[in-house]
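A.B. asks: File name entry39.cif; file contents mmCIF, C-alpha atoms and all ligand atoms; full text below.
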```
data_entry
loop_
_atom_site.label_atom_id
_atom_site.label_comp_id
_atom_site.auth_asym_id
_atom_site.auth_seq_id
_atom_site.Cartn_x
_atom_site.Cartn_y
_atom_site.Cartn_z
CA MET A 118 79.82 78.31 76.69
CA ASN A 119 83.39 79.45 77.16
CA VAL A 120 83.61 80.88 80.68
CA PHE A 121 86.36 82.91 82.40
CA VAL A 122 86.09 82.41 86.16
CA ILE A 123 87.91 85.05 88.17
CA GLY A 124 88.56 83.80 91.70
CA GLY A 125 87.87 80.25 90.54
CA ALA A 126 90.43 78.72 92.90
CA GLY A 127 88.63 80.03 95.96
CA TYR A 128 86.12 78.40 98.26
CA ILE A 129 82.98 79.37 96.34
CA GLY A 130 84.75 79.67 92.98
CA SER A 131 85.93 76.06 92.97
CA HIS A 132 82.37 74.85 93.54
CA VAL A 133 81.19 77.12 90.70
CA VAL A 134 83.87 75.68 88.38
CA LYS A 135 82.69 72.16 89.21
CA ALA A 136 79.07 73.10 88.37
CA LEU A 137 80.11 74.79 85.10
CA LEU A 138 82.13 71.75 83.99
CA LYS A 139 79.14 69.51 84.81
CA ASP A 140 77.01 71.80 82.68
CA GLY A 141 79.34 71.26 79.72
CA CYS A 142 81.06 74.67 79.74
CA SER A 143 84.74 75.09 78.98
CA VAL A 144 86.33 76.91 81.86
CA THR A 145 89.41 79.01 82.49
CA VAL A 146 90.25 80.02 86.05
CA TYR A 147 92.01 83.36 86.62
CA ASP A 148 93.19 83.66 90.23
CA ASN A 149 96.12 85.25 92.04
CA LEU A 150 96.06 82.47 94.67
CA SER A 151 96.05 85.03 97.50
CA SER A 152 93.35 83.00 99.20
CA GLY A 153 92.57 80.54 96.41
CA LEU A 154 94.35 77.20 96.46
CA GLU A 155 96.03 75.11 93.79
CA GLN A 156 94.34 72.16 95.49
CA ASN A 157 90.99 73.61 94.33
CA LEU A 158 91.86 73.57 90.62
CA PHE A 159 90.28 71.05 88.25
CA LYS A 160 92.34 69.13 85.69
CA ASN A 161 89.83 69.82 82.93
CA ALA A 162 89.79 73.60 83.48
CA LYS A 163 92.58 75.88 82.30
CA PHE A 164 94.40 77.99 84.87
CA VAL A 165 96.02 81.40 84.53
CA LYS A 166 97.71 82.84 87.61
CA GLY A 167 96.92 86.52 87.54
CA ASP A 168 95.69 89.47 89.52
CA ILE A 169 92.64 91.63 88.72
CA LEU A 170 94.81 94.67 89.50
CA ASP A 171 97.11 93.70 86.59
CA TYR A 172 94.90 95.21 83.89
CA GLU A 173 97.15 94.31 80.93
CA LYS A 174 97.32 90.67 81.94
CA LEU A 175 93.59 90.52 82.65
CA LEU A 176 92.80 92.12 79.30
CA GLU A 177 94.99 89.63 77.43
CA ALA A 178 93.85 86.56 79.38
CA SER A 179 90.12 87.29 79.05
CA LYS A 180 90.06 87.62 75.24
CA GLY A 181 87.61 85.42 73.40
CA TYR A 182 85.35 84.30 76.25
CA ASP A 183 81.54 84.30 76.17
CA ALA A 184 81.11 85.12 79.84
CA ILE A 185 82.88 86.12 83.04
CA ILE A 186 82.07 84.91 86.52
CA HIS A 187 83.62 87.28 89.04
CA LEU A 188 84.21 85.96 92.55
CA ALA A 189 87.51 87.69 93.35
CA ALA A 190 87.12 89.87 96.43
CA PHE A 191 88.12 90.38 100.00
CA LYS A 192 85.18 89.48 102.21
CA ALA A 193 85.98 90.02 105.87
CA ALA A 194 83.43 92.58 107.04
CA GLY A 195 85.31 93.39 110.26
CA GLU A 196 88.64 93.93 108.48
CA SER A 197 86.96 96.20 105.90
CA MET A 198 86.17 98.67 108.70
CA ILE A 199 89.83 98.88 109.70
CA LYS A 200 91.41 98.68 106.23
CA PRO A 201 88.91 100.24 103.81
CA GLU A 202 91.75 101.08 101.36
CA LYS A 203 92.40 97.37 100.81
CA TYR A 204 88.72 96.83 99.94
CA SER A 205 88.57 99.92 97.72
CA VAL A 206 91.56 98.80 95.67
CA ASN A 207 90.83 95.12 95.32
CA ASN A 208 87.04 95.02 95.28
CA ILE A 209 86.23 98.28 93.50
CA THR A 210 89.29 99.04 91.33
CA GLY A 211 89.67 95.34 90.55
CA THR A 212 86.06 95.08 89.41
CA LEU A 213 86.36 98.21 87.27
CA ASN A 214 89.35 96.56 85.56
CA ILE A 215 87.18 93.51 84.90
CA LEU A 216 84.33 95.62 83.51
CA ASN A 217 86.72 97.57 81.30
CA ALA A 218 88.36 94.37 80.03
CA ALA A 219 84.90 92.91 79.32
CA SER A 220 84.01 96.07 77.47
CA VAL A 221 87.19 96.06 75.32
CA ASN A 222 86.95 92.30 74.67
CA GLU A 223 83.20 92.54 73.97
CA ILE A 224 82.20 90.01 76.60
CA LYS A 225 78.50 90.60 77.16
CA ARG A 226 77.73 88.43 80.19
CA ILE A 227 79.00 88.68 83.76
CA VAL A 228 77.89 86.92 86.91
CA PHE A 229 78.94 88.76 90.05
CA SER A 230 79.21 87.59 93.68
CA SER A 231 77.23 90.15 95.62
CA SER A 232 76.17 89.84 99.22
CA ALA A 233 73.35 90.19 101.73
CA ALA A 234 75.74 92.68 103.37
CA THR A 235 74.34 95.21 100.88
CA TYR A 236 71.16 95.40 103.02
CA GLY A 237 72.57 96.12 106.48
CA GLU A 238 70.33 95.98 109.56
CA PRO A 239 67.02 94.44 108.46
CA SER A 240 63.89 96.55 108.73
CA TYR A 241 61.70 93.52 107.97
CA LEU A 242 62.08 89.76 107.45
CA PRO A 243 62.45 87.83 105.26
CA ILE A 244 64.65 90.19 103.28
CA ASP A 245 63.60 90.53 99.65
CA GLU A 246 65.52 92.34 96.91
CA ASP A 247 63.54 95.57 97.42
CA HIS A 248 64.61 95.87 101.05
CA PRO A 249 66.46 99.17 101.73
CA LYS A 250 70.21 98.99 101.20
CA ASN A 251 72.18 100.49 104.06
CA PRO A 252 75.38 98.47 104.39
CA GLU A 253 76.69 98.36 107.95
CA ASN A 254 80.26 97.75 106.85
CA TYR A 255 82.61 98.93 104.12
CA TYR A 256 82.70 95.45 102.54
CA GLY A 257 78.92 95.59 101.97
CA PHE A 258 79.32 99.11 100.58
CA THR A 259 81.86 97.87 97.97
CA LYS A 260 79.41 95.19 96.84
CA LEU A 261 76.56 97.68 96.54
CA GLU A 262 78.67 100.15 94.58
CA ILE A 263 79.76 97.40 92.20
CA GLU A 264 76.10 96.53 91.57
CA ARG A 265 75.63 100.15 90.53
CA PHE A 266 78.63 100.05 88.16
CA LEU A 267 77.19 96.90 86.64
CA ALA A 268 73.88 98.66 85.96
CA TRP A 269 75.74 101.48 84.16
CA TYR A 270 77.83 99.11 82.04
CA ASP A 271 74.64 97.26 81.14
CA GLN A 272 73.03 100.52 80.02
CA LEU A 273 76.08 101.96 78.26
CA LYS A 274 77.90 98.89 76.93
CA GLY A 275 75.19 96.21 76.75
CA ILE A 276 76.96 93.97 79.29
CA ARG A 277 74.23 91.89 80.94
CA PHE A 278 74.91 90.97 84.54
CA ALA A 279 73.59 88.72 87.26
CA ALA A 280 74.26 90.09 90.75
CA LEU A 281 73.85 87.22 93.19
CA ARG A 282 73.32 88.36 96.76
CA TYR A 283 74.60 85.46 98.81
CA PHE A 284 73.42 85.02 102.37
CA ASN A 285 75.75 82.88 104.56
CA ALA A 286 77.69 80.55 102.25
CA ALA A 287 78.64 77.31 104.01
CA GLY A 288 79.31 73.60 103.51
CA TYR A 289 81.58 71.72 101.09
CA ASP A 290 81.11 69.65 97.96
CA PRO A 291 78.89 66.71 99.09
CA GLU A 292 80.76 64.48 96.60
CA GLY A 293 84.00 65.18 98.49
CA GLU A 294 85.93 66.34 95.44
CA ILE A 295 86.68 69.84 96.79
CA THR A 296 88.43 69.87 100.14
CA GLY A 297 90.63 72.98 100.10
CA LEU A 298 90.22 74.64 103.48
CA GLU A 299 90.01 78.39 103.94
CA GLN A 300 93.00 79.74 105.88
CA ASN A 301 92.33 81.66 109.14
CA PRO A 302 88.55 81.57 108.74
CA ALA A 303 86.35 83.96 110.71
CA ASN A 304 82.96 82.54 109.65
CA LEU A 305 80.99 80.44 112.07
CA LEU A 306 80.96 77.00 110.48
CA PRO A 307 84.67 76.76 109.59
CA VAL A 308 85.55 78.06 113.07
CA ILE A 309 83.38 75.32 114.61
CA MET A 310 85.06 72.76 112.34
CA GLU A 311 88.52 73.95 113.39
CA VAL A 312 87.55 73.46 117.05
CA ALA A 313 86.14 70.00 116.28
CA ALA A 314 89.32 69.08 114.38
CA GLY A 315 91.58 70.28 117.22
CA MET A 316 92.97 73.17 115.16
CA ARG A 317 91.77 75.75 117.69
CA SER A 318 90.78 75.40 121.28
CA GLU A 319 87.34 76.97 121.49
CA LEU A 320 84.52 78.81 119.80
CA GLY A 321 83.43 82.21 121.05
CA ILE A 322 79.68 82.66 120.69
CA PHE A 323 79.17 86.34 120.01
CA GLY A 324 76.22 87.12 122.29
CA ASP A 325 73.40 85.01 123.75
CA ASP A 326 70.99 87.80 124.62
CA TYR A 327 69.52 88.51 121.19
CA ASP A 328 65.78 88.37 120.65
CA THR A 329 65.94 85.00 118.88
CA VAL A 330 64.89 81.41 119.53
CA ASP A 331 67.77 80.78 122.00
CA GLY A 332 69.40 84.21 122.31
CA THR A 333 72.16 83.55 119.73
CA GLY A 334 72.39 85.09 116.26
CA VAL A 335 70.24 83.61 113.51
CA ARG A 336 71.47 83.45 109.91
CA ASP A 337 70.38 81.98 106.61
CA TYR A 338 73.05 79.42 105.69
CA VAL A 339 73.09 78.40 102.06
CA HIS A 340 75.15 75.48 100.83
CA VAL A 341 77.97 76.36 98.45
CA THR A 342 76.80 73.65 96.00
CA ASP A 343 73.40 75.37 95.88
CA LEU A 344 75.16 78.69 95.24
CA ALA A 345 77.21 77.10 92.46
CA ASP A 346 74.06 75.77 90.80
CA ALA A 347 72.56 79.29 90.90
CA HIS A 348 75.59 80.68 89.00
CA VAL A 349 75.01 78.26 86.13
CA LYS A 350 71.29 79.04 86.08
CA ALA A 351 71.92 82.79 86.23
CA LEU A 352 74.41 82.59 83.37
CA HIS A 353 71.85 80.80 81.19
CA TYR A 354 69.19 83.28 82.23
CA ILE A 355 71.07 86.41 81.17
CA ASP A 356 72.16 84.65 77.98
CA ASP A 357 68.68 83.42 77.00
CA LYS A 358 66.74 86.53 78.03
CA ASP A 359 69.39 89.13 77.17
CA GLU A 360 68.42 90.80 80.43
CA SER A 361 70.23 91.50 83.72
CA LEU A 362 69.07 90.34 87.09
CA THR A 363 69.72 90.82 90.80
CA VAL A 364 68.60 88.08 93.16
CA ASN A 365 68.99 86.85 96.71
CA LEU A 366 70.36 83.39 97.29
CA GLY A 367 69.39 81.97 100.66
CA SER A 368 67.78 78.84 102.06
CA GLU A 369 64.93 80.89 103.62
CA ASN A 370 65.63 78.98 106.83
CA GLY A 371 67.12 80.63 109.91
CA LEU A 372 69.59 78.70 112.08
CA SER A 373 70.99 79.97 115.37
CA VAL A 374 74.63 79.70 116.45
CA LYS A 375 73.61 77.23 119.17
CA GLN A 376 71.62 75.09 116.74
CA ILE A 377 74.67 74.77 114.52
CA VAL A 378 76.98 74.01 117.43
CA ASP A 379 74.58 71.29 118.66
CA ALA A 380 74.36 69.75 115.17
CA ALA A 381 78.16 69.87 114.86
CA ARG A 382 78.61 68.10 118.22
CA ASP A 383 76.19 65.39 117.10
CA ILE A 384 77.71 64.87 113.68
CA THR A 385 81.40 65.08 114.58
CA GLY A 386 81.14 63.34 117.95
CA GLN A 387 83.53 65.99 119.32
CA THR A 388 82.98 68.11 122.44
CA ILE A 389 83.44 71.52 120.73
CA THR A 390 84.10 73.90 123.62
CA ALA A 391 82.03 77.07 123.23
CA ASN A 392 82.07 80.16 125.45
CA ILE A 393 79.69 83.07 125.45
CA MET A 394 81.45 86.30 124.47
CA PRO A 395 80.24 89.89 124.05
CA ARG A 396 78.21 90.72 120.94
CA ARG A 397 80.22 91.47 117.79
CA PRO A 398 79.65 95.07 116.69
CA GLY A 399 77.46 95.39 113.62
CA ASP A 400 75.87 91.93 113.98
CA PRO A 401 72.08 91.95 113.49
CA ALA A 402 70.07 89.49 115.58
CA LYS A 403 68.52 87.73 112.64
CA LEU A 404 68.94 87.64 108.85
CA VAL A 405 66.75 85.45 106.68
CA ALA A 406 66.34 85.67 102.91
CA SER A 407 63.37 85.57 100.67
CA SER A 408 64.59 83.65 97.63
CA LYS A 409 61.23 83.89 95.88
CA LYS A 410 62.68 85.85 92.97
CA ALA A 411 65.43 83.26 92.33
CA ASN A 412 62.81 80.49 92.63
CA GLU A 413 60.62 82.17 90.06
CA LEU A 414 63.15 83.51 87.56
CA LEU A 415 65.90 80.90 87.79
CA LYS A 416 63.80 77.93 88.94
CA TRP A 417 66.42 77.71 91.69
CA LYS A 418 66.00 76.40 95.18
CA ALA A 419 68.36 75.30 97.90
CA ASN A 420 68.63 71.51 97.97
CA PHE A 421 71.68 70.96 100.18
CA SER A 422 71.18 73.69 102.77
CA ASP A 423 69.73 71.67 105.65
CA VAL A 424 71.86 71.76 108.80
CA GLU A 425 72.93 68.09 108.53
CA THR A 426 74.28 68.45 104.97
CA LEU A 427 75.96 71.78 105.79
CA VAL A 428 77.78 70.34 108.80
CA LYS A 429 78.46 66.85 107.46
CA SER A 430 79.90 68.02 104.14
CA SER A 431 82.13 70.51 106.01
CA TRP A 432 83.32 67.90 108.47
CA ASN A 433 84.18 65.51 105.63
CA ALA A 434 86.41 68.21 104.08
CA TYR A 435 88.19 68.72 107.42
CA LEU A 436 88.61 64.95 107.87
CA ALA A 437 90.04 64.65 104.35
CA ASN A 438 92.72 67.19 105.30
CA LYS A 439 93.64 65.31 108.48
CA LYS A 440 94.74 62.22 106.55
N1 LIG B 501 79.59 83.84 115.13
C1 LIG B 501 79.98 83.46 116.41
N2 LIG B 501 81.30 83.12 116.61
C2 LIG B 501 82.22 83.13 115.60
C3 LIG B 501 81.81 83.52 114.29
C4 LIG B 501 80.49 83.87 114.11
O1 LIG B 501 79.18 83.43 117.33
O2 LIG B 501 83.40 82.83 115.85
C5 LIG B 501 78.17 84.18 114.88
C6 LIG B 501 77.95 85.62 114.41
O3 LIG B 501 77.80 86.48 115.52
C7 LIG B 501 76.67 85.47 113.58
C8 LIG B 501 76.82 84.07 112.97
O4 LIG B 501 77.71 83.38 113.83
O5 LIG B 501 75.53 85.48 114.40
C9 LIG B 501 77.36 84.08 111.55
O6 LIG B 501 78.54 84.84 111.52
P1 LIG B 501 79.54 84.81 110.29
O7 LIG B 501 80.73 85.63 110.64
O8 LIG B 501 79.79 83.39 109.87
O9 LIG B 501 78.72 85.47 109.10
P2 LIG B 501 77.99 86.91 108.97
O10 LIG B 501 76.55 86.66 109.25
O11 LIG B 501 78.63 87.85 109.93
O12 LIG B 501 78.23 87.29 107.55
#
```
Starting from the coordinates I provided, produce the structure as structure tokens.
Ligand code: UDP
C.D. replies:
Amino acid sequence: MNVFVIGGAGYIGSHVVKALLKDGCSVTVYDNLSSGLEQNLFKNAKFVKGDILDYEKLLEASKGYDAIIHLAAFKAAGESMIKPEKYSVNNITGTLNILNAASVNEIKRIVFSSSAATYGEPSYLPIDEDHPKNPENYYGFTKLEIERFLAWYDQLKGIRFAALRYFNAAGYDPEGEITGLEQNPANLLPVIMEVAAGMRSELGIFGDDYDTVDGTGVRDYVHVTDLADAHVKALHYIDDKDESLTVNLGSENGLSVKQIVDAARDITGQTITANIMPRRPGDPAKLVASSKKANELLKWKANFSDVETLVKSSWNAYLANKK
């Protein structure tokens, strides 16, 4: 299959490109390099530097492809509450440009990076796809709205989509081929890695009085290589079945902040200074996925999402950058 990967130079996108190439696809990456990195590009994939807000360029560049994988978005939940305009323009307008280009160019398959942020505060656990959707932040709202646009373009234009609701993406390519580090990360694991690598002085643990195993927040961390594998499977699914799908992608295993910090201290051998801070607004105590639907429909399961592989593969990427 001839696949156009928008945001393919990013953290998740580069892992998806690797999985597509392994699967035998020919791949073109379209990325504006705002957070994507040239370091993440593969020699055997084509690259077009372009922005999803540049409709003419996008329309021209995406001609002739069998499928689009769309991973280009801003993703900082906290920032989205302060700068919603930025998220409206890039995430929503940008995606509408992609859908309109797909429509004009008659591309009938699209795999979209959605998020567990579409659910908001959980009313039960584990969270399945039927769980109520009440995003707690504007970022999650943009993802939910895009899912609704996708459903309309499916109905009206026959564009089949896979909306993949990622839980907490983490880890790096276990084969060590992808080592591009995210700049100014706010997510837990890269922040811990920056402390371990001496790039920042300490980790703030946002609350230790939650009703969880040790009082710190529990999340479902899913390895980026497992996510990448799900993109390939989802693409084949919508192609074979000619049917859209929306699925959760999580490990179904909850890990607390403290559990990850302890594992990181063990694996890196570094002290990793951590201080308890106030809770972060909008943070639920615990989020864990049910990935039953992805197991059943895509025959997908998380294989690399144990805490050791998550931390070790991340640490190896940070060590590779220190050389
Ligand atoms: N967290 C933390 N300190 C940090 C970043 C995150 O204690 O510097 C906690 C956060 O409160 C949550 C978990 O780590 O319980 C995962 O947060 P992250 O921002 O990585 O992902 P989110 O679940 O918010 O999408």
A.B. asks: Kindly assemble as JSON lines a list of the region 312-374 of chain A residues that lie within 8 Å of region 388-395 of chain A, each paired with its nearest atom pair and their distance in Å to one decimal, using all atoms listed in the file, sorted first by chain and then by ascending residue number.
C.D. replies:
```
{"residue": "A:Val312", "atom": "CA", "partner": "A:Ile389", "partner_atom": "CA", "distance": 5.8}
{"residue": "A:Ala313", "atom": "CA", "partner": "A:Ile389", "partner_atom": "CA", "distance": 5.4}
{"residue": "A:Ser318", "atom": "CA", "partner": "A:Thr390", "partner_atom": "CA", "distance": 7.2}
{"residue": "A:Glu319", "atom": "CA", "partner": "A:Thr390", "partner_atom": "CA", "distance": 4.9}
{"residue": "A:Leu320", "atom": "CA", "partner": "A:Ala391", "partner_atom": "CA", "distance": 4.6}
{"residue": "A:Gly321", "atom": "CA", "partner": "A:Asn392", "partner_atom": "CA", "distance": 5.0}
{"residue": "A:Ile322", "atom": "CA", "partner": "A:Ile393", "partner_atom": "CA", "distance": 4.8}
{"residue": "A:Phe323", "atom": "CA", "partner": "A:Met394", "partner_atom": "CA", "distance": 5.0}
{"residue": "A:Gly324", "atom": "CA", "partner": "A:Pro395", "partner_atom": "CA", "distance": 5.2}
{"residue": "A:Asp325", "atom": "CA", "partner": "A:Ile393", "partner_atom": "CA", "distance": 6.8}
```
A.B. asks: What do you get as an MDAnalysis selection string if you pick all residues at most 10 Å from ligand LIG 501 (chain B), counting all atoms listed in the file?
C.D. replies: chainID A and resid 192:195 232:234 283:287 302:309 319:325 327 333:338 372:375 377:378 391:404
A.B. asks: One number please: CA of Asp271 (chain A) to CA of Thr259 (chain A), in Å, one decimal.
C.D. replies: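 CA of Thr259 (chain A) lies 18.3 Å from CA of Asp271 (chain A).
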A.B. asks: Restricting the calculation to all atoms listed in the file, which member of A:Glu292, A:Glu253, A:Asp331, A:Glu223 is positioned closest to Ala184 (chain A)?
C.D. replies: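 Comparing A:Glu292, A:Glu253, A:Asp331, A:Glu223 against Ala184 (chain A), the winner is A:Glu223.
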A.B. asks: Quick one: pull the distance between CA of Ser230 (chain A) and CA of Ala381 (chain A), Å, one decimal.
C.D. replies: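 One can read the CA of Ser230 (chain A) to CA of Ala381 (chain A) distance as 27.6 Å.
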A.B. asks: Restricting the calculation to only C-alpha atoms: of A:Ser143, A:Gln272, A:Asn438, A:Ser151, which residue gets closest to Ile295 (chain A)?
C.D. replies: A:Asn438
A.B. asks: What is the distance between CA of Ile227 (chain A) and CA of Gly297 (chain A), in Å to one decimal?
C.D. replies: 25.5 Å
A.B. asks: Using only C-alpha atoms for the distances, tell me which of A:Ile129, A:Leu261, A:Leu366, A:Met118 is nearest to Val144 (chain A).
C.D. replies: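 Using only C-alpha atoms, Val144 (chain A) sits closest to A:Met118.
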A.B. asks: Considering all atoms listed in the file, can you say which of A:Thr426, A:Ser408, A:Asn161, A:Ser152 comes closest to Leu242 (chain A)?
C.D. replies: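 Under the stated criterion, the closest residue is A:Ser408.
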A.B. asks: Could you check which of A:Val120, A:Ala280, A:Leu267, A:Val134 is closest to Asp346 (chain A), using all atoms listed in the file?
C.D. replies: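 Of the candidates, the smallest distance to Asp346 (chain A) is held by A:Val134.
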A.B. asks: For Ser407 (chain A), which residue among A:Phe164, A:Tyr241, A:Tyr255, A:Tyr172 is the nearest when counting all atoms listed in the file?
C.D. replies: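 Of the candidates, the smallest distance to Ser407 (chain A) is held by A:Tyr241.
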A.B. asks: Please provide as a PyMOL selection string all residues within 12 Å of Lys358 (chain A), with the sequence filter that same-chain residues fewer than 3 positions apart are discarded (counting only C-alpha atoms).
C.D. replies: chain A and resi 226+277-279+350-355+361-362+414-415
A.B. asks: Show me, as a list in words, the residues that have an atom within 7 Å of Pro249 (chain A) when counting only C-alpha atoms, minus same-chain residues fewer than 2 positions from it.
C.D. replies: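 Those residues are Tyr236, Asp247 and Asn251 of chain A.
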A.B. asks: Could you write out the selected residues, including C-alpha atoms, as a PDB file, in the coordinates of the input?
C.D. replies:
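That gives us result04.pdb:
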```pdb
ATOM      1  CA  TYR A 236      71.160  95.400 103.020  1.00  0.00           C
ATOM      2  CA  ASP A 247      63.540  95.570  97.420  1.00  0.00           C
ATOM      3  CA  ASN A 251      72.180 100.490 104.060  1.00  0.00           C
TER       4      ASN A 251
END
```
